[in-house]
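Peer 1: The following file, start.txt, comprises compact mmCIF, C-alpha atoms:
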```txt
# COMPACT_ATOMS: atom_id res chain seq x y z
CA MET K 1 182.54 142.14 127.52
CA THR K 2 179.25 140.84 126.11
CA LEU K 3 175.81 142.34 126.60
CA ASN K 4 175.11 139.76 129.32
CA ASP K 5 178.23 140.51 131.35
CA THR K 6 177.89 142.37 134.64
CA THR K 7 179.50 145.77 134.20
CA ARG K 8 182.44 146.72 136.41
CA GLY K 9 180.37 149.44 138.07
CA ASN K 10 177.92 146.84 139.38
CA ARG K 11 180.53 144.40 140.71
CA LEU K 12 181.81 144.10 144.26
CA HIS K 13 185.29 145.69 144.30
CA ILE K 14 187.89 143.77 146.33
CA GLY K 15 191.20 145.61 146.65
CA LEU K 16 194.55 144.10 147.66
CA PHE K 17 196.82 146.47 149.58
CA GLY K 18 200.29 146.05 151.02
CA ARG K 19 203.96 146.84 150.60
CA ARG K 20 205.96 146.05 147.50
CA ASN K 21 206.63 142.32 147.28
CA ALA K 22 204.07 141.57 149.98
CA GLY K 23 202.54 138.94 147.70
CA LYS K 24 199.54 140.89 146.38
CA SER K 25 199.98 139.85 142.76
CA SER K 26 200.61 136.22 143.69
CA LEU K 27 197.49 136.19 145.85
CA ILE K 28 195.26 137.72 143.19
CA ASN K 29 196.53 135.13 140.68
CA ALA K 30 195.77 132.36 143.17
CA LEU K 31 192.29 133.74 143.92
CA THR K 32 191.37 134.11 140.25
CA GLY K 33 193.13 130.95 139.11
CA GLN K 34 194.73 132.95 136.31
CA SER K 35 197.96 134.85 135.65
CA VAL K 36 196.24 138.20 135.91
CA ALA K 37 199.05 140.15 137.54
CA THR K 38 202.75 140.05 136.75
CA VAL K 39 204.73 138.42 139.55
CA SER K 40 208.39 139.30 140.05
CA ALA K 41 210.96 139.49 142.84
CA VAL K 42 211.69 143.03 141.68
CA PRO K 43 209.97 145.52 144.04
CA GLY K 44 207.44 147.79 142.36
CA THR K 45 206.49 145.46 139.50
CA THR K 46 202.84 146.49 139.78
CA THR K 47 202.45 150.14 138.74
CA ASP K 48 198.90 151.17 137.83
CA PRO K 49 196.15 149.15 139.55
CA VAL K 50 195.20 145.96 137.71
CA TYR K 51 191.47 145.16 137.55
CA LYS K 52 190.22 141.59 137.04
CA ALA K 53 186.50 140.85 136.76
CA MET K 54 185.34 137.37 137.67
CA GLU K 55 182.62 135.36 139.42
CA LEU K 56 183.46 134.39 143.00
CA HIS K 57 181.46 131.45 144.31
CA GLY K 58 179.19 132.53 147.15
CA VAL K 59 179.66 136.23 146.38
CA GLY K 60 178.81 136.72 142.71
CA PRO K 61 180.35 139.16 140.22
CA VAL K 62 183.44 140.85 141.65
CA VAL K 63 186.43 142.91 140.56
CA PHE K 64 189.81 142.23 142.13
CA ILE K 65 192.11 145.26 142.24
CA ASP K 66 195.85 144.60 142.44
CA THR K 67 197.51 147.82 143.64
CA ALA K 68 201.04 149.16 143.73
CA GLY K 69 202.88 148.89 147.05
CA PHE K 70 202.00 151.73 149.38
CA ASP K 71 205.68 151.98 150.39
CA ASP K 72 206.82 152.90 146.87
CA GLU K 73 209.57 155.51 146.70
CA GLY K 74 210.65 158.49 144.63
CA GLU K 75 208.60 160.83 142.44
CA LEU K 76 207.27 158.01 140.26
CA GLY K 77 206.59 155.92 143.35
CA GLN K 78 204.49 158.72 144.82
CA LEU K 79 202.36 158.78 141.69
CA ARG K 80 201.83 155.03 142.08
CA VAL K 81 200.82 155.49 145.72
CA GLU K 82 198.28 158.11 144.64
CA LYS K 83 196.78 155.54 142.26
CA THR K 84 196.60 153.10 145.17
CA GLU K 85 194.82 155.74 147.28
CA GLN K 86 192.40 156.28 144.41
CA ALA K 87 191.70 152.53 144.24
CA ALA K 88 190.98 152.53 147.97
CA ARG K 89 188.09 154.94 147.44
CA GLU K 90 186.28 152.44 145.20
CA THR K 91 187.10 149.37 147.29
CA ASP K 92 184.12 147.60 148.88
CA ILE K 93 186.29 145.08 150.77
CA ALA K 94 190.03 145.51 151.41
CA LEU K 95 192.56 142.71 151.77
CA LEU K 96 195.44 144.20 153.78
CA LEU K 97 198.62 142.13 153.48
CA PHE K 98 201.23 142.14 156.25
CA SER K 99 204.76 141.14 155.28
CA GLY K 100 207.03 142.15 158.19
CA LEU K 101 207.22 143.19 161.83
CA ASP K 102 207.48 146.85 160.84
CA MET K 103 203.74 147.47 160.52
CA ALA K 104 203.55 151.27 160.66
CA GLU K 105 202.29 151.65 157.07
CA GLU K 106 199.85 148.76 157.36
CA LEU K 107 198.38 150.16 160.57
CA LYS K 108 198.00 153.58 158.93
CA TRP K 109 196.05 152.04 156.06
CA LEU K 110 193.97 149.95 158.45
CA ALA K 111 192.93 153.20 160.16
CA ILE K 112 192.05 154.74 156.78
CA PHE K 113 189.80 151.83 155.84
CA ARG K 114 188.13 151.88 159.21
CA ARG K 115 187.40 155.61 158.87
CA GLN K 116 185.91 154.91 155.45
CA LYS K 117 183.88 152.06 157.01
CA THR K 118 185.38 149.68 154.47
CA PRO K 119 185.45 146.05 155.67
CA VAL K 120 189.08 144.88 155.99
CA ILE K 121 190.46 141.35 156.01
CA LEU K 122 193.97 141.12 157.47
CA VAL K 123 196.22 138.66 155.66
CA VAL K 124 199.65 137.27 156.42
CA SER K 125 200.73 136.22 152.97
CA CYS K 126 203.11 133.33 153.56
CA THR K 127 205.58 132.61 150.77
CA ASP K 128 208.13 129.81 151.07
CA GLU K 129 210.72 132.34 152.21
CA ARG K 130 208.41 133.77 154.86
CA GLU K 131 206.72 130.61 156.09
CA ALA K 132 208.98 130.03 159.08
CA ALA K 133 208.24 133.51 160.41
CA GLY K 134 204.51 133.23 159.64
CA GLU K 135 203.40 132.31 163.15
CA ALA K 136 205.44 135.09 164.76
CA LEU K 137 204.11 137.64 162.29
CA THR K 138 200.53 136.43 162.77
CA LYS K 139 200.88 136.86 166.55
CA ALA K 140 202.40 140.33 166.13
CA VAL K 141 199.61 141.46 163.82
CA GLU K 142 196.96 140.22 166.24
CA GLU K 143 198.62 142.06 169.12
CA ALA K 144 198.85 145.29 167.11
CA THR K 145 195.33 145.24 165.65
CA GLY K 146 193.22 143.09 167.97
CA VAL K 147 192.30 140.94 164.98
CA CYS K 148 193.71 137.52 164.13
CA PRO K 149 194.83 137.62 160.48
CA LEU K 150 194.38 134.82 157.98
CA GLN K 151 197.48 132.92 156.93
CA VAL K 152 197.44 132.41 153.18
CA SER K 153 199.99 130.81 150.88
CA ALA K 154 199.52 131.62 147.21
CA VAL K 155 202.33 129.24 146.34
CA LYS K 156 200.89 126.22 148.19
CA LYS K 157 197.25 127.28 147.62
CA GLN K 158 196.63 127.20 151.37
CA GLY K 159 194.08 129.37 153.14
CA LEU K 160 192.31 130.41 149.93
CA GLU K 161 189.00 128.76 150.88
CA GLU K 162 189.14 130.36 154.34
CA LEU K 163 189.74 133.71 152.66
CA ARG K 164 186.75 133.18 150.34
CA GLN K 165 184.53 132.37 153.34
CA GLU K 166 185.75 135.51 155.12
CA LEU K 167 184.90 137.60 152.04
CA ILE K 168 181.36 136.25 152.22
CA ARG K 169 181.16 136.95 155.96
CA VAL K 170 182.20 140.62 155.70
CA LEU K 171 180.05 141.50 152.70
CA PRO K 172 178.73 145.06 153.22
CA GLU K 173 175.08 145.15 154.29
CA ASP K 174 174.23 147.34 151.30
CA TYR K 175 176.11 145.15 148.81
CA GLU K 176 172.90 144.18 147.04
CA GLN K 177 172.36 147.27 144.94
CA PRO K 178 168.95 148.96 144.96
CA SER K 179 166.62 148.71 142.00
CA ILE K 180 167.22 151.30 139.27
CA THR K 181 163.55 152.12 138.77
CA GLY K 182 162.56 151.43 142.38
CA ASP K 183 158.86 151.84 143.08
CA LEU K 184 158.07 153.86 139.95
CA CYS K 185 156.79 150.80 138.07
CA GLN K 186 155.80 147.20 138.65
CA ALA K 187 154.96 144.05 136.72
CA GLY K 188 152.47 144.68 133.93
CA ASP K 189 153.12 148.43 133.70
CA LEU K 190 153.75 150.01 130.31
CA VAL K 191 157.04 151.94 130.37
CA LEU K 192 158.24 154.09 127.48
CA LEU K 193 161.95 154.78 127.09
CA VAL K 194 162.74 157.89 125.06
CA MET K 195 166.31 157.60 123.81
CA PRO K 196 167.77 160.23 121.47
CA GLN K 197 170.10 158.63 118.92
CA ASP K 198 172.19 161.70 118.15
CA ILE K 199 175.92 162.17 117.60
CA GLN K 200 176.59 161.30 121.26
CA ALA K 201 174.97 157.87 120.98
CA PRO K 202 177.51 155.09 120.22
CA LYS K 203 177.05 153.68 116.73
CA GLY K 204 175.26 150.36 116.67
CA ARG K 205 174.58 150.13 120.40
CA LEU K 206 172.86 151.78 123.36
CA ILE K 207 174.58 153.55 126.22
CA LEU K 208 175.01 151.62 129.47
CA PRO K 209 172.23 153.24 131.57
CA GLN K 210 169.72 152.52 128.81
CA VAL K 211 170.78 148.87 128.57
CA GLN K 212 170.72 148.33 132.34
CA THR K 213 167.35 150.04 132.78
CA LEU K 214 165.77 148.14 129.91
CA ARG K 215 167.04 144.83 131.32
CA GLU K 216 165.61 145.63 134.76
CA LEU K 217 162.21 146.50 133.27
CA LEU K 218 162.12 143.15 131.49
CA ASP K 219 163.11 141.35 134.70
CA LYS K 220 160.31 143.17 136.54
CA GLY K 221 157.75 141.99 134.00
CA CYS K 222 157.03 145.46 132.62
CA GLN K 223 156.06 146.11 129.03
CA ALA K 224 158.98 148.21 127.82
CA LEU K 225 158.86 150.13 124.55
CA CYS K 226 161.47 152.46 123.08
CA CYS K 227 161.41 155.43 120.75
CA THR K 228 163.54 158.41 119.79
CA THR K 229 162.60 161.94 120.81
CA ASP K 230 161.32 162.90 117.36
CA ARG K 231 158.95 159.88 117.35
CA LEU K 232 157.52 160.44 120.83
CA GLN K 233 154.23 162.10 119.79
CA GLU K 234 153.62 159.46 117.13
CA THR K 235 154.38 156.66 119.58
CA LEU K 236 152.06 158.01 122.27
CA ALA K 237 149.24 158.29 119.73
CA ARG K 238 149.44 154.52 119.13
CA PHE K 239 148.74 153.65 122.76
CA LYS K 240 145.20 152.80 123.87
CA GLU K 241 146.23 153.68 127.42
CA PRO K 242 149.01 156.10 128.40
CA PRO K 243 152.20 154.58 129.84
CA GLN K 244 152.66 154.41 133.58
CA LEU K 245 156.16 155.85 133.26
CA ILE K 246 158.32 157.65 130.70
CA ILE K 247 162.09 157.48 131.14
CA THR K 248 164.10 159.83 128.95
CA ASP K 249 167.60 161.20 128.55
CA SER K 250 167.86 164.30 130.75
CA GLN K 251 168.90 166.39 127.77
CA ALA K 252 165.48 165.68 126.20
CA PHE K 253 163.42 166.88 129.19
CA LYS K 254 162.54 170.11 127.37
CA GLU K 255 161.04 168.22 124.39
CA VAL K 256 159.47 165.33 126.32
CA TYR K 257 157.82 167.15 129.23
CA PRO K 258 155.20 169.07 127.16
CA LEU K 259 154.10 165.80 125.49
CA LYS K 260 153.77 163.79 128.69
CA PRO K 261 150.21 162.50 129.15
CA GLN K 262 148.41 163.56 132.31
CA GLY K 263 148.88 160.92 134.98
CA THR K 264 152.07 159.52 133.43
CA LEU K 265 155.20 159.75 135.56
CA LEU K 266 158.30 161.27 133.99
CA THR K 267 161.91 160.73 135.01
CA SER K 268 165.31 160.34 133.36
CA PHE K 269 168.09 157.78 133.31
CA SER K 270 170.37 160.21 135.13
CA VAL K 271 167.78 160.90 137.85
CA LEU K 272 167.35 157.15 138.39
CA PHE K 273 171.11 156.71 138.65
CA ALA K 274 171.29 159.50 141.22
CA ALA K 275 169.55 157.09 143.60
CA PHE K 276 171.07 153.89 142.17
CA LYS K 277 174.68 155.05 142.51
CA GLY K 278 174.67 157.96 144.94
CA ASP K 279 172.78 159.84 147.65
CA MET K 280 169.47 161.08 146.25
CA ASP K 281 168.61 163.30 149.21
CA TYR K 282 171.96 165.09 149.05
CA PHE K 283 171.77 165.42 145.26
CA LEU K 284 168.23 166.78 145.47
CA ALA K 285 169.21 169.39 148.04
CA GLY K 286 172.12 170.32 145.75
CA ALA K 287 169.78 170.79 142.79
CA GLU K 288 167.68 173.20 144.81
CA LYS K 289 170.79 175.15 145.89
CA LEU K 290 171.89 175.32 142.25
CA LEU K 291 169.09 177.80 141.58
CA GLN K 292 170.40 180.08 144.32
CA LEU K 293 173.87 180.53 142.75
CA LYS K 294 175.13 183.95 141.70
CA GLU K 295 176.73 184.69 138.35
CA SER K 296 180.14 184.76 140.06
CA ALA K 297 179.82 181.12 141.20
CA HIS K 298 182.45 178.47 140.51
CA ILE K 299 181.02 175.11 139.35
CA LEU K 300 182.76 171.75 138.90
CA ILE K 301 181.25 169.30 136.40
CA ALA K 302 182.49 165.74 136.99
CA GLU K 303 182.16 163.02 134.34
CA ALA K 304 182.87 159.35 135.01
CA CYS K 305 183.54 158.68 131.32
CA THR K 306 186.78 159.63 129.61
CA HIS K 307 185.40 159.71 126.06
CA LYS K 308 186.65 162.16 123.48
CA PRO K 309 184.53 165.34 123.62
CA LEU K 310 181.86 165.33 120.92
CA GLN K 311 179.83 168.06 119.28
CA GLU K 312 176.97 169.05 121.62
CA ASP K 313 178.44 166.94 124.43
CA ILE K 314 176.06 167.09 127.40
CA GLY K 315 178.68 167.64 130.11
CA ARG K 316 181.01 169.93 128.21
CA VAL K 317 178.56 171.86 126.01
CA LYS K 318 174.84 171.47 126.73
CA LEU K 319 174.90 171.64 130.53
CA PRO K 320 177.33 174.62 130.69
CA ARG K 321 175.21 176.44 128.11
CA LEU K 322 172.05 175.82 130.13
CA LEU K 323 173.78 176.94 133.33
CA ARG K 324 174.97 180.21 131.80
CA LYS K 325 171.56 180.87 130.25
CA LYS K 326 169.84 180.45 133.61
CA ILE K 327 172.43 181.90 136.01
CA GLY K 328 174.66 184.16 133.91
CA ASP K 329 177.59 184.25 131.51
CA GLY K 330 180.02 185.07 134.31
CA LEU K 331 179.96 181.52 135.71
CA GLN K 332 183.32 179.79 136.05
CA ILE K 333 182.90 176.15 135.05
CA ASP K 334 185.64 173.52 135.40
CA ILE K 335 185.34 169.97 134.05
CA VAL K 336 187.08 166.78 135.23
CA SER K 337 186.65 163.29 133.82
CA GLY K 338 187.35 159.70 134.76
CA LYS K 339 188.77 159.23 138.23
CA ASP K 340 190.27 162.72 138.36
CA PHE K 341 188.57 164.52 141.24
CA PRO K 342 190.06 167.31 143.39
CA ALA K 343 190.81 166.47 147.01
CA ASP K 344 190.25 170.10 147.99
CA LEU K 345 186.79 171.22 146.85
CA ARG K 346 186.53 174.41 148.87
CA GLY K 347 186.95 176.69 145.87
CA PHE K 348 183.75 175.40 144.28
CA ASP K 349 180.18 176.47 145.00
CA ILE K 350 178.64 173.21 143.75
CA ILE K 351 179.61 169.89 142.15
CA ILE K 352 177.46 168.50 139.31
CA HIS K 353 178.17 164.81 138.67
CA CYS K 354 177.12 162.61 135.78
CA GLY K 355 175.01 159.49 136.36
CA ALA K 356 178.25 157.56 137.07
CA CYS K 357 177.19 154.38 135.30
CA MET K 358 180.89 153.50 134.90
CA PHE K 359 181.63 153.80 138.65
CA ASN K 360 180.66 151.52 141.49
CA ARG K 361 178.48 153.00 144.21
CA LYS K 362 181.32 153.04 146.76
CA LEU K 363 183.35 155.47 144.62
CA VAL K 364 180.39 157.80 144.07
CA LEU K 365 179.57 157.81 147.77
CA SER K 366 183.22 158.57 148.58
CA ARG K 367 182.84 161.74 146.51
CA VAL K 368 179.58 162.57 148.25
CA LYS K 369 181.36 162.11 151.59
CA ALA K 370 184.14 164.49 150.51
CA CYS K 371 181.55 167.11 149.53
CA ARG K 372 179.66 166.72 152.80
CA GLU K 373 182.80 167.04 154.89
CA GLN K 374 183.87 170.20 153.04
CA GLY K 375 180.37 171.71 153.00
CA ILE K 376 180.01 171.71 149.22
CA PRO K 377 176.58 171.02 147.63
CA MET K 378 176.46 168.23 145.07
CA THR K 379 173.89 167.16 142.51
CA ASN K 380 173.81 165.22 139.25
CA TYR K 381 173.09 165.94 135.59
CA GLY K 382 169.45 164.91 135.54
CA LEU K 383 168.42 166.76 138.67
CA ALA K 384 170.41 169.83 137.65
CA ILE K 385 168.82 169.98 134.19
CA ALA K 386 165.33 169.51 135.63
CA ALA K 387 165.96 172.33 138.12
CA LEU K 388 167.30 174.67 135.45
CA LEU K 389 164.24 173.96 133.27
CA GLY K 390 161.86 174.60 136.18
CA ILE K 391 160.38 171.09 136.26
CA LEU K 392 162.30 169.55 139.16
CA SER K 393 159.23 169.13 141.37
CA ARG K 394 157.40 167.43 138.49
CA VAL K 395 160.04 164.76 137.88
CA ALA K 396 159.32 161.38 139.48
CA LEU K 397 161.87 160.17 142.03
CA PRO K 398 162.32 156.49 142.93
CA ASN K 399 161.92 154.80 146.31
CA GLY K 400 159.66 157.36 147.95
CA THR K 401 162.10 160.27 147.84
CA LYS K 402 160.31 163.54 148.51
CA TYR K 403 161.07 167.11 147.52
CA ALA K 404 162.14 169.16 150.52
CA LYS K 405 161.18 172.64 149.32
CA MET K 406 159.60 172.56 145.90
```
Could the structure of this file be written out as structure tokens, please?

Peer 2:
Amino acid sequence: MTLNDTTRGNRLHIGLFGRRNAGKSSLINALTGQSVATVSAVPGTTTDPVYKAMELHGVGPVVFIDTAGFDDEGELGQLRVEKTEQAARETDIALLLFSGLDMAEELKWLAIFRRQKTPVILVVSCTDEREAAGEALTKAVEEATGVCPLQVSAVKKQGLEELRQELIRVLPEDYEQPSITGDLCQAGDLVLLVMPQDIQAPKGRLILPQVQTLRELLDKGCQALCCTTDRLQETLARFKEPPQLIITDSQAFKEVYPLKPQGTLLTSFSVLFAAFKGDMDYFLAGAEKLLQLKESAHILIAEACTHKPLQEDIGRVKLPRLLRKKIGDGLQIDIVSGKDFPADLRGFDIIIHCGACMFNRKLVLSRVKACREQGIPMTNYGLAIAALLGILSRVALPNGTKYAKM
């Protein structure tokens, strides 16, 4: 991936779901025009989901997800099905492939996608062996679902254009992601980005939220300047006029806030991503509830990244230390990373999530939905740190979000 590539987290995720040997891998190869997925007559060839990023004409940057068959068997097969279920939670549009008159599993998954409000395109994937029965299967699917499926042949390259047009038609209304900085700045504004380059910063490059935010500021026509935390006072002294906005790493709030000029807005990359990737109102309410926790509380910290823990890691070291200092040493704190996330959250008093720059918004909102349904508060790193430092009500929130209590 180059610096100009659209990151996976900002691409539309299109998942292919069906039984083993339903033609998912063949279809994804036909759609991408590449041999992305291994095709074999042996059932269960696809194990872990295969992700392929590409540009789809009329849609833009997308990720196709080729999943294992949801009818896989045995202990290993169950693990593969769990991976398929995980992929479903980050799917923006689902292609559900029907391959036989026994449609019990397909109908179950159709119900799941409909509950998740995920747009679904029904596909009868016609191979040479199945072509004669294609019409009968198409009629049966329509009778069972009330929807006429598309007939697609990956082998003969038939129906692919119709499928592309259907993908365009069912694009989610909120597919166009919101602005990262929202209404906090506009063309001509001076914006200062304070970016600590400590042991956590990748050598020779910036972390993804910094890169994406900087690019958006340039696209907006803002004057964007950068400095490290230790150079902030010196940098501010050089300005004839104070900046409209300062964006910092959340872990530097304590150092940056006292130096903020009067009238300058202050926020953090993580706070911005709370709105960009998740549900700001729910996260904000969670940050306020965080301050009400007792020392006996059980907290789950969820990181999207799976990097090796580093010295002074924000999720594993700095945030837990700040939590125990504010609430008490008796706190029980669990940490999960990557796509590991408990289905049953009822043992936790609150979930604190990272900015989730590596996830697409659908996956983050699926976690928010799980928390809502189980009555568990949820917030994110930036809002949590601001609350623990006592400056939550003084941090600028994008897109007109208001503080409920503070």

Peer 1: I'd like the neighbourhood of range 14-19 of chain K as a list in words, where a residue qualifies if any of its atoms comes within 7 Å (using only C-alpha atoms), though same-chain residues fewer than 2 positions away should be ignored.

Peer 2: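 Surrounding residues, per the criterion: Leu12, Asn21, Ala22, Lys24, Val63, Phe64, Ile65, Asp66, Thr67, Gly69, Phe70, Asp71, Thr91, Asp92, Ile93, Ala94, Leu95, Leu96, Leu97, Phe98 and Glu106 of chain K.
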
Peer 1: Near range 235-241 of chain K, within 12 Å and counting all atoms listed in the file, which residues show up once chain neighbours fewer than 6 positions away are dropped, as a JSON list (two decimals) with C-alpha atoms, in the coordinates of the input?

Peer 2:
```
[["chain", "number", "residue", "atom", "x", "y", "z"],
["K", 189, "ASP", "CA", 153.12, 148.43, 133.70],
["K", 190, "LEU", "CA", 153.75, 150.01, 130.31],
["K", 191, "VAL", "CA", 157.04, 151.94, 130.37],
["K", 192, "LEU", "CA", 158.24, 154.09, 127.48],
["K", 193, "LEU", "CA", 161.95, 154.78, 127.09],
["K", 194, "VAL", "CA", 162.74, 157.89, 125.06],
["K", 225, "LEU", "CA", 158.86, 150.13, 124.55],
["K", 226, "CYS", "CA", 161.47, 152.46, 123.08],
["K", 227, "CYS", "CA", 161.41, 155.43, 120.75],
["K", 228, "THR", "CA", 163.54, 158.41, 119.79],
["K", 229, "THR", "CA", 162.60, 161.94, 120.81],
["K", 256, "VAL", "CA", 159.47, 165.33, 126.32],
["K", 259, "LEU", "CA", 154.10, 165.80, 125.49],
["K", 260, "LYS", "CA", 153.77, 163.79, 128.69],
["K", 261, "PRO", "CA", 150.21, 162.50, 129.15],
["K", 262, "GLN", "CA", 148.41, 163.56, 132.31],
["K", 263, "GLY", "CA", 148.88, 160.92, 134.98],
["K", 264, "THR", "CA", 152.07, 159.52, 133.43]]
```

Peer 1: Could you list, with a cut-off of 6 Å and counting all atoms listed in the file, the residues of range 226-316 of chain K near range 380-395 of chain K, each shown with its nearest atom pair and the distance in Å rounded to one decimal, rows sorted by chain and ascending number, as JSON lines?

Peer 2:
```
{"residue": "K:Ser250", "atom": "CA", "partner": "K:Gly382", "partner_atom": "CA", "distance": 5.1}
{"residue": "K:Leu266", "atom": "CA", "partner": "K:Val395", "partner_atom": "CA", "distance": 5.5}
{"residue": "K:Thr267", "atom": "CA", "partner": "K:Val395", "partner_atom": "CA", "distance": 5.3}
{"residue": "K:Ser270", "atom": "CA", "partner": "K:Gly382", "partner_atom": "CA", "distance": 4.8}
{"residue": "K:Val271", "atom": "CA", "partner": "K:Gly382", "partner_atom": "CA", "distance": 4.9}
{"residue": "K:Ala287", "atom": "CA", "partner": "K:Ala384", "partner_atom": "CA", "distance": 5.3}
```

Peer 1: Interatomic distance between CA of Val124 in chain K and CA of Leu137 in chain K?

Peer 2: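 One can read the CA of Val124 in chain K to CA of Leu137 in chain K distance as 7.4 Å.
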
Peer 1: How far is it from CA of Arg346 in chain K to CA of Gln251 in chain K, in Å with one decimal?

Peer 2: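 According to the coordinates, CA of Arg346 in chain K and CA of Gln251 in chain K are separated by 28.6 Å.
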
Peer 1: Do you know which residues lie at most 12 Å from (194.8, 136.6, 167.0), with coordinates as in the file and only C-alpha atoms counted, and could you write them as an NGL selection string?

Peer 2: :K and (122-124 or 135-151)

Peer 1: Using only C-alpha atoms for the distances, tell me which of K:Glu161, K:Gln244, K:Thr7, K:Thr213 is nearest to Gln186 in chain K.

Peer 2: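 When distances to Gln186 in chain K are compared using only C-alpha atoms, the smallest one comes from K:Gln244.
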
Peer 1: Point out the residue among K:Glu255, K:Ala30, K:Arg20, K:Lys157 with the least atom-to-atom distance to Gly100 in chain K, counting only C-alpha atoms.

Peer 2: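 The answer is K:Arg20, which sits nearest to Gly100 in chain K.
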
Peer 1: Box in all listed atoms of range 64-68 of chain K, axis-aligned, with 6 Å more on each side; write out centre and edge lengths in Å to one decimal as AutoDock Vina command-line options.

Peer 2:
```
--center_x 195.4 --center_y 145.7 --center_z 142.9 --size_x 23.2 --size_y 18.9 --size_z 13.6
```

Peer 1: Quote the spacing between CA of Asp72 in chain K and CA of Leu27 in chain K in Å to one decimal place.

Peer 2: 19.2 Å

Peer 1: If we count only C-alpha atoms, what is near Gly286 in chain K at a cut-off of 12 Å, once residues fewer than 2 positions away on the same chain are taken out, given as JSON, numbers by chain?

Peer 2: {"K": [274, 279, 280, 281, 282, 283, 284, 288, 289, 290, 291, 292, 293, 299, 349, 350, 351, 352, 353, 368, 371, 372, 375, 376, 377, 378, 379, 380, 381, 382, 383, 384, 387, 392, 403, 404, 405]}

Peer 1: For Ser268 in chain K, which residue among K:Leu208, K:Leu397, K:Leu101, K:Leu217 is the nearest when counting all atoms listed in the file?

Peer 2: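 Smallest distance to Ser268 in chain K is found for K:Leu397.
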
Peer 1: Just the residues within 8 Å of Phe273 in chain K, please, counting all atoms listed in the file, with nothing from its chain fewer than 5 positions along; format it as a short mmCIF file (atom, residue, chain, number, x, y, z; two decimals) with C-alpha atoms, keeping the file's coordinate frame.

Peer 2:
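Result file around_25.cif:
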```
data_model
loop_
_atom_site.label_atom_id
_atom_site.label_comp_id
_atom_site.auth_asym_id
_atom_site.auth_seq_id
_atom_site.Cartn_x
_atom_site.Cartn_y
_atom_site.Cartn_z
CA ILE K 180 167.22 151.30 139.27
CA PRO K 209 172.23 153.24 131.57
CA GLY K 278 174.67 157.96 144.94
CA GLY K 355 175.01 159.49 136.36
CA ALA K 356 178.25 157.56 137.07
CA CYS K 357 177.19 154.38 135.30
#
```

Peer 1: Taking (184.9, 134.5, 152.6) in the file's own coordinates, collect the residues within 12 Å, counting only C-alpha atoms, and hand them back as a ChimeraX atom specification.

Peer 2: /K:14,31,56-60,93,95,119-121,150,159-171

Peer 1: With a distance cut-off of 8 Å and only C-alpha atoms, select the neighbouring residues of Ser296 in chain K, excluding the residue or stretch itself and same-chain residues fewer than 5 positions from it, and output the selection as a PyMOL selection string.

Peer 2: chain K and resi 330-332
